Amino acid sequence: MGNYGRGEKLSAEDWQALKAAAVDAMQNAYAPYSRFSVGAAALTDDGRIVSGCNVENASYGLSLCAECALVGNLHMTGGGLLRAFYCVDAGGNVLMPCGRCRQLLYEFRAPDMELMTTTGIKTMDQVLPDAFGPQHLEETR
Ligand code: THU
């Protein structure tokens, strides 16, 4: 995995490596209720790959998306910010992060974070425009 400076685009090979990490993560999914396994992987600003799978619960609404595990993994392995993100379903097809997970990713976005989407590579701002974020907590204090 190459080391990327600010504003530098990921190579096609590195997008493929992210996809492979997402597919690997997906194999660990615990999805007996939906039978919809998900894997997510991201490249951090210091060159690590972090990943996660969905973990469901008998109390369905408590199920954790793959992105929840990914941000936990980010922090458990040294923190930092996310440069690029890839999410897949059981067939290895690109999956859009759900609305809640876009917010989770937004919190830890590197300035030029990119996401693989079903319609190509997009920025965080394109998939979550006008986002609420830590900056808004300061405004009314
Ligand atoms: N899921 C994710 O893991 N991430 C998403 O962004 C979309 C949905 C999971 C949650 C649930 O376990 C399954 O997919 C079906 O909704």
# chains A, B, ... in the order shown; residues from 1 in each chain; ligands from 1
>>> select_by_dssp(residues="stretch 38-102 of chain A", states="strand (DSSP E or B)", output="PyMOL selection string")
chain A and resi 39-44+49-53+55+64+82-88+94
>>> residues_around(residues="stretch 49-56 of chain A", least_positions_apart="2", cutoff="6 Å", atoms="only C-alpha atoms", output="list in words")
Ala25, Met26, Ala29, Tyr30, Ala31, Val38, Gly39, Ala40, Ala41, Ala42, Leu43, Ser63, Leu64, Cys65, Ala66, Ala69, Leu70 and Leu74 of chain A
>>> atom_distance(atom1="atom 9 (C, counted along the ligand's line) of ligand 1", atom2="atom CA of A:Pro111")
26.2 Å
>>> residues_around(residues="A:Gly47", least_positions_apart="2", cutoff="8 Å", atoms="only C-alpha atoms", output="ChimeraX atom specification")
/A:1-4,43-45,49
>>> write_last_selection(atoms="C-alpha atoms", output="compact mmCIF listing (two decimals), in the first residue's frame")
# COMPACT_ATOMS: atom_id res chain seq x y z
CA MET A 1 0.00 0.00 0.00
CA GLY A 2 1.51 3.31 -1.08
CA ASN A 3 2.02 6.26 1.24
CA TYR A 4 -0.13 9.20 0.23
CA LEU A 43 -6.68 3.22 4.45
CA THR A 44 -5.56 5.47 7.28
CA ASP A 45 -3.52 8.64 6.92
CA ILE A 49 -5.51 -0.72 6.65
>>> atom_distance(atom1="atom CA of A:Arg48", atom2="atom CA of A:Asn73")
10.8 Å
>>> closest_residue(among="A:Tyr60, A:Tyr106, A:Phe132, A:Phe36", to="A:Arg83", atoms="only C-alpha atoms")
A:Tyr106
>>> closest_residue(among="A:Asp125, A:Glu13, A:Asp89, A:Glu8", to="ligand 1", atoms="only C-alpha atoms and all ligand atoms")
A:Asp89
>>> closest_residue(among="A:Val71, A:Gln135, A:Ser11, A:Val127", to="A:Gly99", atoms="only C-alpha atoms")
A:Val127
>>> select_by_dssp(residues="stretch 2-136 of chain A", states="helix (DSSP H, G or I)", output="mmCIF file with C-alpha atoms, in the first residue's frame")
data_model
loop_
_atom_site.group_PDB
_atom_site.id
_atom_site.type_symbol
_atom_site.label_atom_id
_atom_site.label_comp_id
_atom_site.auth_asym_id
_atom_site.auth_seq_id
_atom_site.Cartn_x
_atom_site.Cartn_y
_atom_site.Cartn_z
ATOM 1 C CA ALA A 12 -6.035 1.524 -8.918
ATOM 2 C CA GLU A 13 -3.908 -1.219 -7.298
ATOM 3 C CA ASP A 14 -4.419 0.270 -3.850
ATOM 4 C CA TRP A 15 -8.185 0.494 -4.401
ATOM 5 C CA GLN A 16 -8.012 -3.203 -5.292
ATOM 6 C CA ALA A 17 -6.043 -3.921 -2.097
ATOM 7 C CA LEU A 18 -8.703 -2.100 -0.079
ATOM 8 C CA LYS A 19 -11.405 -4.137 -1.761
ATOM 9 C CA ALA A 20 -9.507 -7.345 -0.928
ATOM 10 C CA ALA A 21 -9.288 -6.274 2.726
ATOM 11 C CA ALA A 22 -13.027 -5.535 2.741
ATOM 12 C CA VAL A 23 -13.790 -8.967 1.247
ATOM 13 C CA ASP A 24 -11.549 -10.597 3.893
ATOM 14 C CA ALA A 25 -13.373 -8.719 6.642
ATOM 15 C CA MET A 26 -16.742 -9.713 5.171
ATOM 16 C CA TYR A 60 -32.267 -6.959 15.571
ATOM 17 C CA GLY A 61 -32.053 -3.213 16.038
ATOM 18 C CA LEU A 62 -28.851 -3.573 18.034
ATOM 19 C CA ALA A 66 -19.285 -3.231 9.485
ATOM 20 C CA GLU A 67 -18.321 0.436 9.782
ATOM 21 C CA CYS A 68 -18.840 0.310 13.565
ATOM 22 C CA ALA A 69 -16.199 -2.398 13.839
ATOM 23 C CA LEU A 70 -13.976 -0.456 11.426
ATOM 24 C CA VAL A 71 -13.923 2.735 13.502
ATOM 25 C CA GLY A 72 -13.340 0.636 16.633
ATOM 26 C CA ASN A 73 -10.447 -1.048 14.861
ATOM 27 C CA LEU A 74 -9.115 2.387 13.825
ATOM 28 C CA HIS A 75 -8.883 3.425 17.446
ATOM 29 C CA MET A 76 -7.659 0.090 18.765
ATOM 30 C CA GLY A 99 -26.712 6.968 6.572
ATOM 31 C CA ARG A 100 -25.659 6.358 10.163
ATOM 32 C CA CYS A 101 -22.334 4.957 9.027
ATOM 33 C CA ARG A 102 -21.652 7.940 6.766
ATOM 34 C CA GLN A 103 -21.796 9.967 9.961
ATOM 35 C CA LEU A 104 -19.403 7.556 11.707
ATOM 36 C CA LEU A 105 -16.968 7.877 8.816
ATOM 37 C CA TYR A 106 -17.342 11.666 8.687
ATOM 38 C CA GLU A 107 -16.021 11.976 12.234
ATOM 39 C CA MET A 124 -17.062 12.390 1.896
ATOM 40 C CA ASP A 125 -18.745 15.691 1.139
ATOM 41 C CA GLN A 126 -20.510 14.154 -1.862
ATOM 42 C CA VAL A 127 -21.947 11.256 0.117
ATOM 43 C CA PRO A 134 -17.650 18.332 15.750
ATOM 44 C CA GLN A 135 -17.386 21.905 14.432
ATOM 45 C CA HIS A 136 -21.071 22.518 15.200
#
>>> closest_residue(among="A:Ala90, A:Thr117, A:Gly79, A:Ala58", to="A:Asn28", atoms="only C-alpha atoms")
A:Ala90
>>> closest_residue(among="A:Leu128, A:Cys98, A:Ala84, A:Leu10", to="ligand 1", atoms="only C-alpha atoms and all ligand atoms")
A:Cys98
>>> closest_residue(among="A:Met96, A:Gly91, A:Leu115, A:Gly80", to="ligand 1", atoms="only C-alpha atoms and all ligand atoms")
A:Met96
>>> decode(residues="stretch 126-137 of chain A", atoms="all heavy atoms", output="PDB file, in the first residue's frame")
ATOM      1  N   GLN A 126     -19.496  14.552  -0.871  1.00  0.00           N
ATOM      2  CA  GLN A 126     -20.510  14.154  -1.862  1.00  0.00           C
ATOM      3  C   GLN A 126     -21.499  13.128  -1.301  1.00  0.00           C
ATOM      4  O   GLN A 126     -22.658  13.127  -1.698  1.00  0.00           O
ATOM      5  CB  GLN A 126     -19.837  13.583  -3.119  1.00  0.00           C
ATOM      6  CG  GLN A 126     -19.209  14.648  -3.999  1.00  0.00           C
ATOM      7  CD  GLN A 126     -18.448  14.031  -5.156  1.00  0.00           C
ATOM      8  OE1 GLN A 126     -17.502  13.268  -4.976  1.00  0.00           O
ATOM      9  NE2 GLN A 126     -18.857  14.350  -6.364  1.00  0.00           N
ATOM     10  N   VAL A 127     -21.022  12.266  -0.407  1.00  0.00           N
ATOM     11  CA  VAL A 127     -21.947  11.256   0.117  1.00  0.00           C
ATOM     12  C   VAL A 127     -22.643  11.709   1.403  1.00  0.00           C
ATOM     13  O   VAL A 127     -23.633  11.113   1.818  1.00  0.00           O
ATOM     14  CB  VAL A 127     -21.273   9.870   0.331  1.00  0.00           C
ATOM     15  CG1 VAL A 127     -20.688   9.343  -0.974  1.00  0.00           C
ATOM     16  CG2 VAL A 127     -20.230   9.907   1.416  1.00  0.00           C
ATOM     17  N   LEU A 128     -22.128  12.768   2.017  1.00  0.00           N
ATOM     18  CA  LEU A 128     -22.798  13.321   3.204  1.00  0.00           C
ATOM     19  C   LEU A 128     -22.684  14.850   3.178  1.00  0.00           C
ATOM     20  O   LEU A 128     -21.926  15.450   3.945  1.00  0.00           O
ATOM     21  CB  LEU A 128     -22.206  12.754   4.504  1.00  0.00           C
ATOM     22  CG  LEU A 128     -23.014  13.037   5.771  1.00  0.00           C
ATOM     23  CD1 LEU A 128     -24.357  12.323   5.736  1.00  0.00           C
ATOM     24  CD2 LEU A 128     -22.239  12.620   7.018  1.00  0.00           C
ATOM     25  N   PRO A 129     -23.441  15.471   2.254  1.00  0.00           N
ATOM     26  CA  PRO A 129     -23.329  16.934   2.134  1.00  0.00           C
ATOM     27  C   PRO A 129     -23.859  17.654   3.364  1.00  0.00           C
ATOM     28  O   PRO A 129     -24.746  17.147   4.049  1.00  0.00           O
ATOM     29  CB  PRO A 129     -24.186  17.257   0.902  1.00  0.00           C
ATOM     30  CG  PRO A 129     -24.885  16.025   0.500  1.00  0.00           C
ATOM     31  CD  PRO A 129     -24.397  14.880   1.327  1.00  0.00           C
ATOM     32  N   ASP A 130     -23.305  18.820   3.618  1.00  0.00           N
ATOM     33  CA  ASP A 130     -23.761  19.671   4.730  1.00  0.00           C
ATOM     34  C   ASP A 130     -23.811  18.903   6.050  1.00  0.00           C
ATOM     35  O   ASP A 130     -24.760  19.035   6.821  1.00  0.00           O
ATOM     36  CB  ASP A 130     -25.149  20.269   4.431  1.00  0.00           C
ATOM     37  CG  ASP A 130     -25.139  21.099   3.157  1.00  0.00           C
ATOM     38  OD1 ASP A 130     -24.123  21.768   2.900  1.00  0.00           O
ATOM     39  OD2 ASP A 130     -26.139  21.058   2.412  1.00  0.00           O
ATOM     40  N   ALA A 131     -22.793  18.087   6.275  1.00  0.00           N
ATOM     41  CA  ALA A 131     -22.800  17.190   7.437  1.00  0.00           C
ATOM     42  C   ALA A 131     -22.748  17.944   8.757  1.00  0.00           C
ATOM     43  O   ALA A 131     -22.114  18.997   8.874  1.00  0.00           O
ATOM     44  CB  ALA A 131     -21.612  16.247   7.352  1.00  0.00           C
ATOM     45  N   PHE A 132     -23.396  17.370   9.733  1.00  0.00           N
ATOM     46  CA  PHE A 132     -23.210  17.783  11.124  1.00  0.00           C
ATOM     47  C   PHE A 132     -21.879  17.202  11.578  1.00  0.00           C
ATOM     48  O   PHE A 132     -21.550  16.062  11.254  1.00  0.00           O
ATOM     49  CB  PHE A 132     -24.346  17.218  11.991  1.00  0.00           C
ATOM     50  CG  PHE A 132     -24.128  17.439  13.459  1.00  0.00           C
ATOM     51  CD1 PHE A 132     -24.446  18.661  14.041  1.00  0.00           C
ATOM     52  CD2 PHE A 132     -23.596  16.440  14.251  1.00  0.00           C
ATOM     53  CE1 PHE A 132     -24.236  18.876  15.398  1.00  0.00           C
ATOM     54  CE2 PHE A 132     -23.380  16.644  15.613  1.00  0.00           C
ATOM     55  CZ  PHE A 132     -23.698  17.864  16.187  1.00  0.00           C
ATOM     56  N   GLY A 133     -21.119  17.974  12.335  1.00  0.00           N
ATOM     57  CA  GLY A 133     -19.843  17.450  12.794  1.00  0.00           C
ATOM     58  C   GLY A 133     -19.378  18.143  14.036  1.00  0.00           C
ATOM     59  O   GLY A 133     -20.078  19.012  14.578  1.00  0.00           O
ATOM     60  N   PRO A 134     -18.182  17.774  14.508  1.00  0.00           N
ATOM     61  CA  PRO A 134     -17.650  18.332  15.750  1.00  0.00           C
ATOM     62  C   PRO A 134     -17.629  19.858  15.738  1.00  0.00           C
ATOM     63  O   PRO A 134     -17.788  20.494  16.779  1.00  0.00           O
ATOM     64  CB  PRO A 134     -16.227  17.776  15.826  1.00  0.00           C
ATOM     65  CG  PRO A 134     -16.130  16.711  14.810  1.00  0.00           C
ATOM     66  CD  PRO A 134     -17.276  16.810  13.880  1.00  0.00           C
ATOM     67  N   GLN A 135     -17.443  20.440  14.542  1.00  0.00           N
ATOM     68  CA  GLN A 135     -17.386  21.905  14.432  1.00  0.00           C
ATOM     69  C   GLN A 135     -18.659  22.580  14.941  1.00  0.00           C
ATOM     70  O   GLN A 135     -18.611  23.674  15.495  1.00  0.00           O
ATOM     71  CB  GLN A 135     -17.065  22.320  12.987  1.00  0.00           C
ATOM     72  CG  GLN A 135     -18.138  22.038  11.936  1.00  0.00           C
ATOM     73  CD  GLN A 135     -18.133  20.625  11.364  1.00  0.00           C
ATOM     74  OE1 GLN A 135     -17.547  19.709  11.932  1.00  0.00           O
ATOM     75  NE2 GLN A 135     -18.809  20.427  10.239  1.00  0.00           N
ATOM     76  N   HIS A 136     -19.805  21.898  14.781  1.00  0.00           N
ATOM     77  CA  HIS A 136     -21.071  22.518  15.200  1.00  0.00           C
ATOM     78  C   HIS A 136     -21.240  22.539  16.712  1.00  0.00           C
ATOM     79  O   HIS A 136     -22.008  23.314  17.234  1.00  0.00           O
ATOM     80  CB  HIS A 136     -22.251  21.788  14.555  1.00  0.00           C
ATOM     81  CG  HIS A 136     -22.218  21.896  13.060  1.00  0.00           C
ATOM     82  ND1 HIS A 136     -21.949  20.823  12.246  1.00  0.00           N
ATOM     83  CD2 HIS A 136     -22.350  22.958  12.252  1.00  0.00           C
ATOM     84  CE1 HIS A 136     -21.937  21.226  10.994  1.00  0.00           C
ATOM     85  NE2 HIS A 136     -22.167  22.515  10.977  1.00  0.00           N
ATOM     86  N   LEU A 137     -20.534  21.659  17.397  1.00  0.00           N
ATOM     87  CA  LEU A 137     -20.639  21.627  18.849  1.00  0.00           C
ATOM     88  C   LEU A 137     -20.025  22.876  19.460  1.00  0.00           C
ATOM     89  O   LEU A 137     -20.400  23.305  20.541  1.00  0.00           O
ATOM     90  CB  LEU A 137     -19.941  20.391  19.405  1.00  0.00           C
ATOM     91  CG  LEU A 137     -20.538  19.064  18.962  1.00  0.00           C
ATOM     92  CD1 LEU A 137     -19.691  17.901  19.454  1.00  0.00           C
ATOM     93  CD2 LEU A 137     -21.965  18.923  19.481  1.00  0.00           C
TER      94      LEU A 137
END
